[in-house]
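Shown next, in structure tokens, is the structure this report addresses.
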Amino acid sequence: MIRARSTTTLCIVFVCIIHGLISGCSSFGPASIRGGRVAYNEAITETGNQQLLGLIVKHRYVENMQMLAVSSVTANMRVSARVGTEFGIGPDENFSGNLVPLSTSVLVEENPTISYVPLEGEQFIREMLSPIPDELVLLLIAATESPAEAFATLIKSINGIPNRAFISAFGDDDQRFSRVIELLGILDIANAIHWRIPGAENEPSRHALILRWPPELDDEAEELLALLVAGAPPRERTAVLELASGGRAADDGTLHLQTRSIGELIRIAGASMDIAPEHLETGLARDVRGVAEPSRLIRIRGDDDRPRDAYVAVEHRGWWYWIDATDVSSKQYFKLLTTLISVRLADSVRGQSRSPVLTIPTSR
């Protein structure tokens, strides 16, 4: 004797389930974007930060590290459904209470494919070691929350006034540069500093620093102009300092900048690391004491315990290195360095179309 649901009823239920699955598939796309885009973005950002900090650490340990850029992320989604029913043959007592009249299951599987491009070759070396273009520096300074701090990070000298090198203990710290940074900060807080970025129609083609200050900041503005350019300050409380190439002192009312390279910024960050004492004693890491000094702009902390509140952290040879989540100055420096690498090395990635590409299929 066979006990089962009515065939007609099963067919109706089956059709309803399939219809529901088909109509419900339209929600998987938007839902996957809402959940997946943020997750992928956070993962790429976090691992990118770890890769950069690892590069700084390995540089201090005089070790090689290959950098990989994420070139593409392709996520494929597969949805499958199953409908089943059970029936018995024979007396009722043989299967009574043990049958599932109707069962359904839905499986949603995401299979992302991630492609990496190794950063290498002549173009990569050039972008790492060449001075950062003046125009890019001004764009970053204009876009950052702390222009004065960004100025101190990216500029090697302005109109012949040298910034502290940090990677060399030789030479005196020129207090004029520190004063320029301090005055820029004061004027920026008062919204007296503006950056002219060419690009708009009928706009001058040269980048420029524009000062427009209120009467109560006459002393600060005049002191800044006296440090940067020769001549009497303008009476209308407005000054336009156009960008010129080179780092020599200028008396023509222009800004002559010498900029740092990404490689220099990495070396400066490496000199600020709290290296494990035994690693210095045994020669595992380069000892820069007496040759360089810790930067006032960034500090990479170190300890044998994993940090609890870190903006980014990596482990190397049993020692943890990290940037504290509450250290705003260090995070600003690291953010500038990250932005520079993403911008400067974009051309390097595009120029490596023939380089090997590592593609990793994953699933979750």
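If you're wondering about the labels, chains in the structure tokens are A, B, ... by order shown, residues count from 1 in each chain, ligands from 1 in order shown.
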If we count only C-alpha atoms and set the cut-off at 12 Å, which residues sit around His316 (chain A), ignoring sequence neighbours fewer than 6 positions away in its own chain? Please answer as a short mmCIF file (atom, residue, chain, number, x, y, z; two decimals) with C-alpha atoms, in the first residue's frame.
```
data_model
loop_
_atom_site.label_atom_id
_atom_site.label_comp_id
_atom_site.auth_asym_id
_atom_site.auth_seq_id
_atom_site.Cartn_x
_atom_site.Cartn_y
_atom_site.Cartn_z
CA GLN A 50 48.97 45.69 5.73
CA LEU A 53 53.21 48.55 6.49
CA GLY A 54 54.87 45.22 5.72
CA LEU A 55 56.90 46.93 2.98
CA ILE A 56 58.11 49.57 5.48
CA VAL A 57 59.00 46.89 8.03
CA LYS A 58 60.84 44.70 5.50
CA HIS A 59 62.77 47.73 4.25
CA ARG A 60 64.05 48.32 7.78
CA TYR A 61 64.97 44.63 8.03
CA GLU A 63 64.50 42.19 3.19
CA ILE A 275 62.46 47.77 16.60
CA ALA A 276 62.81 44.75 18.88
CA HIS A 279 66.79 42.32 16.40
CA LEU A 284 68.42 41.32 11.88
CA ALA A 285 67.26 44.90 11.43
CA GLY A 302 56.43 47.72 18.23
CA ASP A 303 55.94 45.03 20.88
CA ASP A 304 55.94 41.27 21.26
CA ASP A 305 52.22 41.31 22.11
CA ARG A 306 49.53 41.77 19.49
CA TRP A 322 51.46 48.85 14.21
#
```
Step one, run DSSP on the backbone; step two, keep only residues of region 122-355 of chain A assigned to helix (DSSP H, G or I); then write them as an MDAnalysis selection string. chainID A and resid 122:129 134:143 147:154 175:189 215:228 262:271 277:281 328:344 346:350
Between CA of Pro294 (chain A) and CA of Ile323 (chain A), what is the spacing in Å?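 CA of Ile323 (chain A) sits 14.3 Å away from CA of Pro294 (chain A).
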Give the strand (DSSP E or B) residues of region 231-285 of chain A, as assigned by DSSP on the backbone, as a PyMOL selection string. chain A and resi 238-245+254-259+261+273
Pick out the residues sitting within 7 Å of Val70 (chain A), and hand them over as a list in words; count only C-alpha atoms, and ignore anything fewer than 6 positions along from it in its own chain.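 Final neighbour list, sorted by chain and number: Ser115, Tyr116 and Val117 of chain A.
Residues within 6 Å of region 140-157 of chain A, counting only C-alpha atoms and excluding same-chain residues fewer than 5 positions away, are Pro162, Asn163, Ile181, Leu184, Gly185, Leu257, Gln258, Thr259 and Arg260 of chain A.
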Please, could you write that set of residues out with N, CA, C and O atoms as a CSV table (one decimal), in the first residue's frame?
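Here's the written file again-v9.csv:
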```csv
chain,number,residue,atom,x,y,z
A,162,PRO,N,65.3,74.4,3.7
A,162,PRO,CA,65.3,72.9,3.8
A,162,PRO,C,64.4,72.4,4.9
A,162,PRO,O,64.4,73.0,6.0
A,163,ASN,N,63.7,71.3,4.7
A,163,ASN,CA,62.9,70.6,5.7
A,163,ASN,C,63.9,69.6,6.3
A,163,ASN,O,64.9,69.2,5.7
A,181,ILE,N,55.6,76.2,8.3
A,181,ILE,CA,54.6,75.2,8.5
A,181,ILE,C,53.6,75.7,9.5
A,181,ILE,O,52.4,75.6,9.4
A,184,LEU,N,51.5,78.5,8.0
A,184,LEU,CA,50.5,78.0,7.1
A,184,LEU,C,49.4,77.4,7.9
A,184,LEU,O,48.2,77.5,7.5
A,185,GLY,N,49.7,76.7,9.0
A,185,GLY,CA,48.6,76.2,9.8
A,185,GLY,C,47.7,77.2,10.4
A,185,GLY,O,46.4,77.1,10.4
A,257,LEU,N,59.7,74.4,-5.3
A,257,LEU,CA,59.6,73.3,-4.4
A,257,LEU,C,60.5,72.2,-4.8
A,257,LEU,O,60.7,71.9,-6.0
A,258,GLN,N,61.1,71.5,-3.8
A,258,GLN,CA,61.7,70.2,-4.0
A,258,GLN,C,60.9,69.2,-3.2
A,258,GLN,O,60.6,69.4,-2.0
A,259,THR,N,60.5,68.2,-3.8
A,259,THR,CA,59.5,67.2,-3.2
A,259,THR,C,60.3,65.9,-2.9
A,259,THR,O,61.3,65.6,-3.5
A,260,ARG,N,59.7,65.2,-1.9
A,260,ARG,CA,60.2,63.9,-1.6
A,260,ARG,C,59.7,62.8,-2.6
A,260,ARG,O,58.8,63.0,-3.3
```
Neighbouring residues of region 204-219 of chain A were defined as those with any atom within 12 Å, considering only C-alpha atoms; residues of the same chain fewer than 4 positions away were excluded. Please report them as an NGL selection string. :A and (133-139 or 141-142 or 147 or 183-184 or 186-200 or 223-226 or 228 or 233-245 or 253-257)
Taking only C-alpha atoms into account, which of A:Val38, A:Leu280, A:Ile161, A:Ile268 comes nearest Val229 (chain A)?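 For Val229 (chain A), the nearest of the given residues is A:Ile161.
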Tell me which protein, DNA and RNA residues are within 10 Å of Arg126 (chain A), counting only C-alpha atoms, leaving out same-chain ones fewer than 3 positions away, and put them as a ChimeraX atom specification. /A:121-123,129-131,261,344-345,348
What separation in Å, quoted to one decimal, exists between CA of Leu227 (chain A) and CA of Phe334 (chain A)? 29.1 Å
Between CA of Ile114 (chain A) and CA of Val73 (chain A), what is the spacing in Å? 4.6 Å
With only C-alpha atoms as the atoms that count, which of A:Asn49, A:Asp274, A:Glu293, A:Ile125 lies nearest to Lys331 (chain A)?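 Answer, going by the shortest atom-to-atom distance: A:Asn49.
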